[in-house]
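Enquirer: Dropping in structure_32.cif, with mmCIF, C-alpha atoms and all ligand atoms.
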data_structure
#
loop_
_atom_site.label_atom_id
_atom_site.label_comp_id
_atom_site.auth_asym_id
_atom_site.auth_seq_id
_atom_site.Cartn_x
_atom_site.Cartn_y
_atom_site.Cartn_z
CA MET A 72 126.02 94.03 40.52
CA THR A 73 124.07 94.74 43.67
CA ASN A 74 123.68 98.23 45.03
CA LYS A 75 126.98 99.24 46.55
CA ILE A 76 126.99 102.76 47.90
CA ILE A 77 129.10 104.64 50.42
CA HIS A 78 127.29 107.82 51.45
CA LYS A 79 129.49 110.72 52.52
CA GLU A 80 128.98 114.45 52.73
CA ARG A 81 131.43 114.76 49.85
CA GLY A 82 132.85 111.93 47.81
CA SER A 83 129.98 109.43 47.97
CA ILE A 84 130.91 106.33 46.02
CA TYR A 85 128.43 104.47 43.85
CA ALA A 86 128.93 101.08 42.22
CA THR A 87 125.40 100.12 41.24
CA ASN A 88 123.47 98.77 38.27
CA ASN A 89 121.82 102.12 37.72
CA LEU A 90 124.73 104.54 37.98
CA SER A 91 123.10 106.79 35.45
CA ALA A 92 120.16 107.48 37.80
CA TYR A 93 122.53 108.34 40.65
CA LEU A 94 124.58 110.67 38.47
CA LYS A 95 121.37 112.31 37.28
CA LYS A 96 120.31 112.85 40.90
CA VAL A 97 123.68 114.48 41.70
CA LEU A 98 123.28 116.76 38.67
CA ASP A 99 119.66 117.60 39.50
CA ASP A 100 120.70 118.62 43.01
CA LEU A 101 123.75 120.58 41.83
CA LYS A 102 122.15 122.28 38.81
CA PRO A 103 125.47 123.10 37.14
CA SER A 104 125.60 126.03 34.71
CA SER A 105 127.48 123.84 32.21
CA ILE A 106 129.00 120.38 32.10
CA PHE A 107 132.50 119.54 30.88
CA ILE A 108 133.74 115.97 30.44
CA LEU A 109 137.49 115.40 30.64
CA THR A 110 138.77 112.46 28.62
CA ASP A 111 142.15 111.38 27.30
CA THR A 112 142.73 110.19 23.76
CA ASN A 113 141.93 106.60 24.83
CA THR A 114 138.81 107.22 26.89
CA LEU A 115 137.55 109.63 24.21
CA ALA A 116 137.49 106.71 21.77
CA PHE A 117 136.67 103.75 24.03
CA CYS A 118 134.69 105.08 27.01
CA LEU A 119 132.97 108.32 26.05
CA PRO A 120 130.47 106.67 23.63
CA LYS A 121 129.32 104.27 26.40
CA PHE A 122 129.15 107.09 28.95
CA LEU A 123 127.12 109.38 26.67
CA SER A 124 124.72 106.66 25.58
CA GLU A 125 124.07 105.62 29.19
CA ASN A 126 123.63 109.23 30.30
CA ASP A 127 121.67 110.53 27.30
CA TYR A 128 119.94 113.19 29.42
CA LEU A 129 123.21 115.17 29.34
CA ASP A 130 122.55 118.12 27.12
CA GLN A 131 125.51 118.62 24.78
CA PRO A 132 128.31 118.52 27.33
CA GLU A 133 131.61 120.12 26.37
CA ILE A 134 134.34 117.54 25.80
CA LEU A 135 137.92 118.19 26.89
CA VAL A 136 140.72 115.90 25.67
CA ILE A 137 144.28 115.40 26.89
CA GLU A 138 146.99 113.09 25.61
CA ALA A 139 146.97 109.69 27.33
CA GLY A 140 149.78 108.60 29.66
CA GLU A 141 151.76 109.57 32.75
CA ALA A 142 154.15 111.69 30.65
CA HIS A 143 151.29 114.19 30.25
CA LYS A 144 150.46 114.45 33.97
CA HIS A 145 152.07 117.88 34.04
CA ILE A 146 151.26 121.44 34.84
CA ASP A 147 151.41 122.30 31.09
CA THR A 148 148.42 120.01 30.55
CA CYS A 149 146.60 121.82 33.38
CA VAL A 150 147.35 125.23 31.85
CA ALA A 151 145.89 124.05 28.53
CA LEU A 152 142.79 122.78 30.36
CA TRP A 153 142.35 125.97 32.41
CA ASP A 154 142.59 127.94 29.12
CA ASP A 155 140.10 125.64 27.47
CA LEU A 156 137.62 125.92 30.34
CA SER A 157 137.99 129.67 30.36
CA ASN A 158 137.65 130.06 26.57
CA ARG A 159 134.58 127.83 26.52
CA GLY A 160 132.84 129.92 29.16
CA ALA A 161 133.14 127.74 32.27
CA ASP A 162 132.10 129.57 35.41
CA ARG A 163 132.11 128.76 39.10
CA LYS A 164 128.94 126.70 38.77
CA SER A 165 130.31 124.53 35.97
CA LEU A 166 130.88 120.84 36.66
CA LEU A 167 133.81 118.75 35.46
CA ILE A 168 133.24 115.01 34.95
CA ASN A 169 136.57 113.17 34.87
CA LEU A 170 136.16 110.10 32.66
CA GLY A 171 139.35 108.10 32.66
CA GLY A 172 142.13 106.37 34.50
CA GLY A 173 144.33 107.71 37.27
CA VAL A 174 146.01 110.36 35.14
CA VAL A 175 142.63 111.81 34.11
CA THR A 176 141.16 111.72 37.62
CA ASP A 177 144.35 113.18 39.18
CA ILE A 178 144.65 116.00 36.64
CA GLY A 179 140.92 116.64 36.35
CA GLY A 180 140.53 116.84 40.13
CA PHE A 181 143.42 119.28 40.38
CA VAL A 182 142.23 121.46 37.48
CA ALA A 183 138.72 121.60 38.94
CA ALA A 184 139.90 122.22 42.51
CA THR A 185 141.92 125.24 41.36
CA PHE A 186 139.91 126.75 38.45
CA LYS A 187 138.29 129.96 39.71
CA ARG A 188 139.35 128.73 43.19
CA GLY A 189 137.40 125.52 42.78
CA ILE A 190 134.54 124.14 40.74
CA GLU A 191 132.69 120.89 41.43
CA PHE A 192 133.89 117.67 39.89
CA VAL A 193 132.96 114.00 39.85
CA HIS A 194 135.06 110.99 38.89
CA VAL A 195 134.02 108.20 36.57
CA PRO A 196 137.08 105.93 36.80
CA THR A 197 137.60 103.72 33.76
CA SER A 198 140.79 101.85 34.75
CA LEU A 199 141.09 99.32 37.53
CA LEU A 200 143.74 101.48 39.18
CA ALA A 201 141.47 104.50 39.20
CA MET A 202 138.51 102.45 40.49
CA VAL A 203 140.32 100.96 43.50
CA ASP A 204 142.76 103.78 44.25
CA ALA A 205 143.07 107.07 42.35
CA SER A 206 139.40 108.08 42.39
CA VAL A 207 138.94 107.41 46.12
CA GLY A 208 140.17 109.80 48.79
CA GLY A 209 140.58 113.11 47.01
CA LYS A 210 144.26 113.15 46.09
CA ASN A 211 144.60 115.21 42.92
CA GLY A 212 147.65 116.61 41.24
CA VAL A 213 150.49 116.36 38.77
CA ASP A 214 154.12 115.29 38.55
CA LEU A 215 157.02 117.75 38.71
CA GLY A 216 159.36 116.67 35.93
CA VAL A 217 159.58 112.93 36.50
CA LEU A 218 158.91 113.26 40.23
CA LYS A 219 155.57 111.71 41.02
CA ASN A 220 152.60 113.68 42.40
CA GLN A 221 154.70 116.49 43.85
CA ILE A 222 152.11 119.20 43.15
CA GLY A 223 148.49 118.84 44.15
CA VAL A 224 145.66 119.20 46.59
CA ILE A 225 143.50 116.88 48.63
CA ARG A 226 139.89 117.54 47.75
CA GLU A 227 137.21 114.89 47.52
CA PRO A 228 135.16 114.84 44.32
CA LEU A 229 131.47 115.47 44.76
CA ALA A 230 130.91 111.77 43.96
CA VAL A 231 132.55 108.75 42.34
CA PHE A 232 130.73 106.41 39.95
CA ILE A 233 132.36 103.01 39.51
CA ASP A 234 131.32 100.84 36.56
CA PRO A 235 133.52 97.75 36.15
CA GLY A 236 132.06 97.47 32.63
CA TYR A 237 134.74 99.97 31.56
CA LEU A 238 137.39 97.34 32.30
CA ASN A 239 136.42 95.67 29.00
CA THR A 240 138.03 98.64 27.24
CA LEU A 241 141.44 98.07 28.88
CA PRO A 242 144.52 96.21 27.67
CA LYS A 243 145.66 93.38 29.96
CA GLU A 244 148.68 95.24 31.32
CA GLN A 245 146.46 98.07 32.55
CA ILE A 246 144.32 95.57 34.48
CA THR A 247 147.42 94.02 35.99
CA SER A 248 148.73 97.47 36.91
CA GLY A 249 145.56 98.21 38.89
CA TYR A 250 145.70 94.77 40.48
CA ALA A 251 148.97 95.80 42.19
CA GLU A 252 147.02 98.28 44.32
CA MET A 253 144.51 95.56 45.26
CA LEU A 254 147.36 93.28 46.34
CA LYS A 255 148.63 96.24 48.38
CA HIS A 256 145.24 96.52 50.08
CA GLY A 257 145.56 92.84 51.00
CA LEU A 258 149.02 93.31 52.47
CA ILE A 259 148.16 96.35 54.57
CA HIS A 260 144.69 95.23 55.62
CA SER A 261 144.43 91.55 56.56
CA GLU A 262 145.47 87.98 55.86
CA GLU A 263 141.82 87.41 54.89
CA TYR A 264 141.76 90.00 52.10
CA TRP A 265 145.31 89.10 51.01
CA THR A 266 144.08 85.52 50.43
CA LYS A 267 140.79 86.61 48.86
CA VAL A 268 142.35 89.03 46.39
CA GLN A 269 144.59 86.28 45.05
CA GLY A 270 141.45 84.84 43.44
CA PHE A 271 141.15 87.92 41.20
CA ASN A 272 140.15 86.96 37.68
CA PRO A 273 138.90 89.83 35.52
CA ASN A 274 136.91 87.37 33.37
CA GLN A 275 134.64 86.65 36.34
CA ARG A 276 132.56 89.79 36.36
CA GLU A 277 130.59 89.43 39.61
CA GLU A 278 133.62 88.35 41.67
CA THR A 279 135.72 91.15 40.16
CA ALA A 280 133.06 93.74 41.00
CA GLN A 281 133.00 92.44 44.59
CA LEU A 282 136.81 92.58 44.93
CA ILE A 283 136.86 96.11 43.53
CA TRP A 284 134.28 97.07 46.13
CA ASP A 285 136.24 95.35 48.93
CA SER A 286 139.31 97.36 47.93
CA VAL A 287 137.30 100.59 47.79
CA LEU A 288 135.95 99.89 51.30
CA ILE A 289 139.46 99.26 52.66
CA LYS A 290 140.81 102.45 51.12
CA ASN A 291 137.79 104.52 52.11
CA THR A 292 137.99 103.38 55.74
CA ILE A 293 141.64 104.45 55.95
CA VAL A 294 140.97 107.78 54.23
CA LEU A 295 138.06 108.56 56.56
CA LYS A 296 140.31 108.05 59.59
CA ASP A 297 143.14 110.16 58.20
CA PRO A 298 142.06 112.25 55.18
CA LEU A 299 145.15 114.47 55.18
CA GLU A 300 147.67 111.63 55.54
CA LYS A 301 149.08 112.55 58.92
CA ASN A 302 149.28 108.94 60.12
CA GLU A 303 147.41 105.89 58.98
CA ARG A 304 146.84 106.97 55.36
CA LYS A 305 150.59 106.58 54.89
CA THR A 306 150.02 102.81 54.86
CA LEU A 307 148.41 103.27 51.44
CA ASN A 308 151.94 104.09 50.30
CA TYR A 309 153.14 100.54 50.98
CA GLY A 310 155.69 99.72 48.26
CA HIS A 311 155.49 103.28 46.95
CA THR A 312 158.71 104.70 48.47
CA LEU A 313 160.92 102.62 46.19
CA GLY A 314 158.10 102.03 43.69
CA HIS A 315 157.69 105.73 42.89
CA ALA A 316 161.47 106.17 42.67
CA ILE A 317 161.67 103.22 40.24
CA GLU A 318 158.77 104.63 38.20
CA SER A 319 160.42 108.08 38.05
CA TYR A 320 163.79 106.58 37.15
CA CYS A 321 162.28 104.60 34.26
CA LEU A 322 160.32 107.65 33.03
CA ASP A 323 163.60 109.63 32.96
CA ALA A 324 165.96 106.99 31.53
CA SER A 325 165.46 107.12 27.76
CA GLU A 326 167.10 103.71 27.26
CA ARG A 327 164.61 101.99 29.61
CA PRO A 328 160.95 101.34 28.82
CA ASP A 329 158.54 103.21 31.12
CA LEU A 330 156.82 101.09 33.73
CA LEU A 331 153.13 101.43 34.46
CA HIS A 332 152.45 102.68 38.00
CA GLY A 333 151.33 99.27 39.26
CA GLU A 334 154.31 97.55 37.66
CA ALA A 335 156.68 99.80 39.60
CA ILE A 336 154.67 99.42 42.81
CA ALA A 337 154.73 95.63 42.45
CA ILE A 338 158.55 95.74 42.54
CA GLY A 339 158.41 98.26 45.39
CA MET A 340 156.17 95.91 47.41
CA ILE A 341 158.59 92.99 47.07
CA LEU A 342 161.45 95.27 48.14
CA ALA A 343 159.44 96.70 51.06
CA THR A 344 158.44 93.21 52.19
CA PHE A 345 162.07 92.08 52.13
CA ILE A 346 163.07 95.16 54.15
CA SER A 347 160.19 94.36 56.54
CA SER A 348 161.57 90.86 57.05
CA GLU A 349 165.08 92.21 57.68
CA LEU A 350 164.10 95.00 60.06
CA GLU A 351 160.68 94.17 61.46
CA GLY A 352 160.56 90.40 61.66
CA PHE A 353 158.03 89.96 58.83
CA PRO A 354 157.87 86.12 58.57
CA SER A 355 160.25 84.72 55.94
CA GLU A 356 157.77 82.15 54.60
CA LYS A 357 155.26 84.97 54.04
CA LEU A 358 157.96 87.01 52.27
CA SER A 359 158.39 84.10 49.82
CA GLU A 360 154.62 83.88 49.36
CA VAL A 361 154.27 87.63 48.71
CA SER A 362 157.17 87.55 46.21
CA ARG A 363 155.78 84.48 44.44
CA ILE A 364 152.25 85.90 44.14
CA ILE A 365 153.48 89.26 42.85
CA LEU A 366 155.93 87.73 40.36
CA LYS A 367 153.17 85.48 39.03
CA HIS A 368 151.57 88.62 37.60
CA PHE A 369 154.44 91.04 37.04
CA PRO A 370 157.51 90.23 34.93
CA LYS A 371 160.90 90.79 36.54
CA THR A 372 162.83 93.93 35.66
CA ALA A 373 166.64 94.00 35.75
CA PHE A 374 168.49 96.75 37.65
CA THR A 375 172.24 97.38 37.50
CA LYS A 376 174.15 98.76 40.48
CA LYS A 377 174.18 102.13 38.72
CA ASP A 378 170.38 102.01 38.23
CA ILE A 379 169.94 101.30 41.95
CA GLU A 380 172.25 104.21 42.89
CA SER A 381 170.12 106.55 40.78
CA ILE A 382 166.90 105.14 42.26
CA LEU A 383 168.24 105.72 45.79
CA GLU A 384 169.03 109.34 44.89
CA LEU A 385 165.36 109.85 43.99
CA LEU A 386 164.18 108.72 47.43
CA VAL A 387 164.81 112.20 48.87
CA TYR A 388 161.75 113.47 46.98
CA ASP A 389 159.30 111.04 48.57
CA LYS A 390 156.34 112.89 50.09
CA LYS A 391 156.42 110.88 53.33
CA ASN A 392 159.91 112.19 54.17
CA SER A 393 160.38 114.64 56.96
CA HIS A 394 163.34 116.26 58.71
CA GLY A 395 165.64 115.04 55.92
CA LYS A 396 164.84 111.37 56.52
CA VAL A 397 163.47 108.91 53.99
CA CYS A 398 160.49 107.14 55.53
CA PHE A 399 159.19 103.68 54.63
CA VAL A 400 155.94 101.91 55.44
CA LEU A 401 156.96 98.43 56.60
CA LEU A 402 154.97 95.43 57.81
CA THR A 403 155.52 93.36 60.92
CA SER A 404 153.03 90.87 59.51
CA ILE A 405 150.23 91.03 56.93
CA GLY A 406 147.80 93.72 58.08
CA LYS A 407 150.17 95.28 60.67
CA HIS A 408 152.31 98.20 59.65
CA LYS A 409 155.13 100.24 61.14
CA MET A 410 156.78 103.44 59.83
CA ARG A 411 160.58 103.46 59.73
CA CYS A 412 162.70 106.47 58.77
CA ASP A 413 166.08 104.79 59.35
CA VAL A 414 166.35 102.10 56.69
CA PRO A 415 170.07 101.73 55.86
CA ASN A 416 171.06 101.78 52.19
CA GLU A 417 172.77 98.37 52.61
CA VAL A 418 169.39 96.82 53.40
CA ILE A 419 167.90 98.41 50.28
CA TYR A 420 170.75 96.99 48.16
CA LYS A 421 170.13 93.58 49.77
CA ALA A 422 166.44 93.93 48.88
CA PHE A 423 167.31 94.49 45.21
CA ASP A 424 169.59 91.39 45.37
CA TYR A 425 166.74 89.37 46.87
CA TYR A 426 164.38 90.56 44.09
CA LYS A 427 166.93 89.69 41.40
CA ASN A 428 167.62 86.20 42.74
CA PHE A 429 164.12 85.16 43.80
N1 LIG B 501 147.16 106.39 46.69
C1 LIG B 501 147.42 106.61 48.06
C2 LIG B 501 146.41 107.49 48.73
O1 LIG B 501 145.43 107.89 48.12
O2 LIG B 501 146.61 107.83 49.86
#
Here is a file; write its structure as structure tokens.
Expert:
Amino acid sequence: MTNKIIHKERGSIYATNNLSAYLKKVLDDLKPSSIFILTDTNTLAFCLPKFLSENDYLDQPEILVIEAGEAHKHIDTCVALWDDLSNRGADRKSLLINLGGGVVTDIGGFVAATFKRGIEFVHVPTSLLAMVDASVGGKNGVDLGVLKNQIGVIREPLAVFIDPGYLNTLPKEQITSGYAEMLKHGLIHSEEYWTKVQGFNPNQREETAQLIWDSVLIKNTIVLKDPLEKNERKTLNYGHTLGHAIESYCLDASERPDLLHGEAIAIGMILATFISSELEGFPSEKLSEVSRIILKHFPKTAFTKKDIESILELLVYDKKNSHGKVCFVLLTSIGKHKMRCDVPNEVIYKAFDYYKNF
């Protein structure tokens, strides 16, 4: 991997061959009083040994562990971590290194941003989703019940260190889940990246590293223009209005298997693209292409009318809503978006029909 670096006052992003040297430089400049590494039960076993051996200058860091999985992205987990930090003597000059996927980076960022009114933290994303999305842009937080990311803050980490080598530790479905966000970057950014990202093959290491970096650049450019999500950053929620509602519904419905975030967003993107074609003239041949490409990677999920009714009820909690209206990011074509807060329920039902019958 060549040297890929985005320098920023906060939140510089490194994806280089010698990440360890860059992390050491950040630590030498910061001089933290103590170092804590947050892992989950998976990254503790599969990623921490690699991280510690590559960064062997770290002097006996404290290890924090949470249960793996979205079901643990809750305030209770944060309370346990705040207690742990406090009991193990963390002070305002302590540093938290978040080593994990999106749940770890979201929770770790939130815990650090609030502990003693804020300690420094860095992200070392170990899942594809965290590399291309969760670790970039400073969104940190937890779910409220099954409602996604309702509590949180926007605070950039001090730095992000991306090593695609961690992808070797992931099961296939986790890679596919992260790939959904890369497909999203294609849809919201350009025909060129949409075409390029279709060549994603995690077995090709160099090409994968380049695509991860392309996605990071797309996301970072949007975040820099609109860090607090007043306008353009909303486009990063393409497919997320219905996708988050579907994810929450599946988390809540005991008879249904949970969906990974990217699996739910993949469905949400097909639905949003159908709605775009109905309301915004998104070309119908492109709608078929988008549906075909997404369904090549993500198995279809069945929804009954009752499921869809419950999913629609969850839309009121979407964070893009305002003045009592549910707002969608739609596309007029690939790379060109438009916000709509007046999507009729009949069109959403039609979108689910389209998804079912495609
Ligand atoms: N994941 C969407 C954003 O960071 O804005």
Enquirer: In Å to one decimal, how far is CA of Ala201 in chain A from CA of Gly189 in chain A?
Expert: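 Interatomic distance, CA of Gly189 in chain A to CA of Ala201 in chain A: 21.7 Å.
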Enquirer: Counting all atoms listed in the file, what is within 10 Å of Leu330 in chain A, bar same-chain residues fewer than 4 positions away, as a VMD selection string?
Expert: chain A and resid 141 248 317 to 322 334 to 336 372
Enquirer: Pick out the residues sitting within 12 Å of Gln281 in chain A, and hand them over as a PyMOL selection string; count only C-alpha atoms, and ignore anything fewer than 3 positions along from it in its own chain.
Expert: chain A and resi 72-75+86-87+203+233-235+253+264+267-268+270-273+275-278+284-288
Enquirer: Please, could you write that set of residues out with C-alpha atoms as a PDB file, keeping the file's coordinate frame?
Expert:
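For reference, out.pdb as written:
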ATOM      1  CA  MET A  72     126.020  94.030  40.520  1.00  0.00           C
ATOM      2  CA  THR A  73     124.070  94.740  43.670  1.00  0.00           C
ATOM      3  CA  ASN A  74     123.680  98.230  45.030  1.00  0.00           C
ATOM      4  CA  LYS A  75     126.980  99.240  46.550  1.00  0.00           C
ATOM      5  CA  ALA A  86     128.930 101.080  42.220  1.00  0.00           C
ATOM      6  CA  THR A  87     125.400 100.120  41.240  1.00  0.00           C
ATOM      7  CA  VAL A 203     140.320 100.960  43.500  1.00  0.00           C
ATOM      8  CA  ILE A 233     132.360 103.010  39.510  1.00  0.00           C
ATOM      9  CA  ASP A 234     131.320 100.840  36.560  1.00  0.00           C
ATOM     10  CA  PRO A 235     133.520  97.750  36.150  1.00  0.00           C
ATOM     11  CA  MET A 253     144.510  95.560  45.260  1.00  0.00           C
ATOM     12  CA  TYR A 264     141.760  90.000  52.100  1.00  0.00           C
ATOM     13  CA  LYS A 267     140.790  86.610  48.860  1.00  0.00           C
ATOM     14  CA  VAL A 268     142.350  89.030  46.390  1.00  0.00           C
ATOM     15  CA  GLY A 270     141.450  84.840  43.440  1.00  0.00           C
ATOM     16  CA  PHE A 271     141.150  87.920  41.200  1.00  0.00           C
ATOM     17  CA  ASN A 272     140.150  86.960  37.680  1.00  0.00           C
ATOM     18  CA  PRO A 273     138.900  89.830  35.520  1.00  0.00           C
ATOM     19  CA  GLN A 275     134.640  86.650  36.340  1.00  0.00           C
ATOM     20  CA  ARG A 276     132.560  89.790  36.360  1.00  0.00           C
ATOM     21  CA  GLU A 277     130.590  89.430  39.610  1.00  0.00           C
ATOM     22  CA  GLU A 278     133.620  88.350  41.670  1.00  0.00           C
ATOM     23  CA  TRP A 284     134.280  97.070  46.130  1.00  0.00           C
ATOM     24  CA  ASP A 285     136.240  95.350  48.930  1.00  0.00           C
ATOM     25  CA  SER A 286     139.310  97.360  47.930  1.00  0.00           C
ATOM     26  CA  VAL A 287     137.300 100.590  47.790  1.00  0.00           C
ATOM     27  CA  LEU A 288     135.950  99.890  51.300  1.00  0.00           C
TER      28      LEU A 288
END
Enquirer: Which of these residues is nearest to Lys164 in chain A, using only C-alpha atoms: A:Lys427, A:His408, A:Lys102, A:Lys390?
Expert: A:Lys102
Enquirer: Residues within 7 Å of ligand LIG 501 (chain B), counting all atoms listed in the file: report them as a PyMOL selection string.
Expert: chain A and resi 204-205+207-208+210+300+304-305+307-308
Enquirer: Is there a way to get, as a list in words, all residues within 12 Å of the point (118.2, 106.0, 36.5) in file coordinates, counting all atoms listed in the file?
Expert: Thr87, Asn88, Asn89, Leu90, Ser91, Ala92, Tyr93, Leu94, Lys95, Lys96, Val97, Glu125, Asn126, Asp127 and Tyr128 of chain A
Enquirer: Compare A:Gly339, A:Pro328, A:Pro415, A:Gly172 by their minimum atom-to-atom distance to Ser198 in chain A, counting all atoms listed in the file, and give me the closest one.
Expert: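 When distances to Ser198 in chain A are compared using all atoms listed in the file, the smallest one comes from A:Gly172.
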Enquirer: Give me, please, the distance in Å between CA of Pro132 in chain A and CA of Leu170 in chain A, quoted to one decimal.
Expert: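 The value is 12.7 Å.
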Enquirer: Report, in Å with one decimal, the straight-line distance from CA of Cys398 in chain A to CA of Met410 in chain A.
Expert: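 About the pair CA of Cys398 in chain A and CA of Met410 in chain A: they are 6.8 Å apart.
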Enquirer: Extract, using all atoms listed in the file, all DNA, RNA and protein residues at most 12 Å from Cys118 in chain A, discarding same-chain residues fewer than 3 positions from it, and format them as a ChimeraX atom specification.
Expert: /A:108-115,121-125,169-172,195-198,234-241
Enquirer: Compare A:Ile178, A:Ile76, A:Leu313, A:Val414 by their minimum atom-to-atom distance to Thr148 in chain A, counting all atoms listed in the file, and give me the closest one.
Expert: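 Closest residue, counting all atoms listed in the file: A:Ile178.
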Enquirer: Pick out the closest residue to Glu244 in chain A from this set: A:Phe369, A:Leu282, A:Val213, A:Val174. Count only C-alpha atoms.
Expert: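 With only C-alpha atoms as the atom set, the closest residue is A:Phe369.
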Enquirer: For His368 in chain A, which of A:Ile338, A:Leu299, A:Ile346, A:Leu386 is the closest residue, counting all atoms listed in the file?
Expert: A:Ile338
Enquirer: Report as an MDAnalysis selection string all protein, DNA and RNA residues lying within 12 Å of Glu262 in chain A, evaluated on all atoms listed in the file, omitting residues in the same chain fewer than 2 positions from it.
Expert: chainID A and resid 254:260 264:269 357 360:361 404:407
Enquirer: If you count all atoms listed in the file, which residues fall within 10 Å of Leu342 in chain A, apart from same-chain ones fewer than 4 positions away, as an MDAnalysis selection string?
Expert: chainID A and resid 310 312:314 336:338 346:348 358 362 418:426
Enquirer: I'd like to know which of A:Ala142, A:Ile84, A:Leu229, A:Pro120 is closest to Asp329 in chain A, using all atoms listed in the file.
Expert: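 Going through A:Ala142, A:Ile84, A:Leu229, A:Pro120 one by one, the smallest distance to Asp329 in chain A is for A:Ala142.
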Enquirer: Range 145-154 of chain A, all listed atoms, 8 Å padding on each side: what axis-aligned box centre and edge lengths in Å to one decimal come out, as AutoDock Vina command-line options?
Expert:
--center_x 147.2 --center_y 122.9 --center_z 31.7 --size_x 25.7 --size_y 26.1 --size_z 22.3
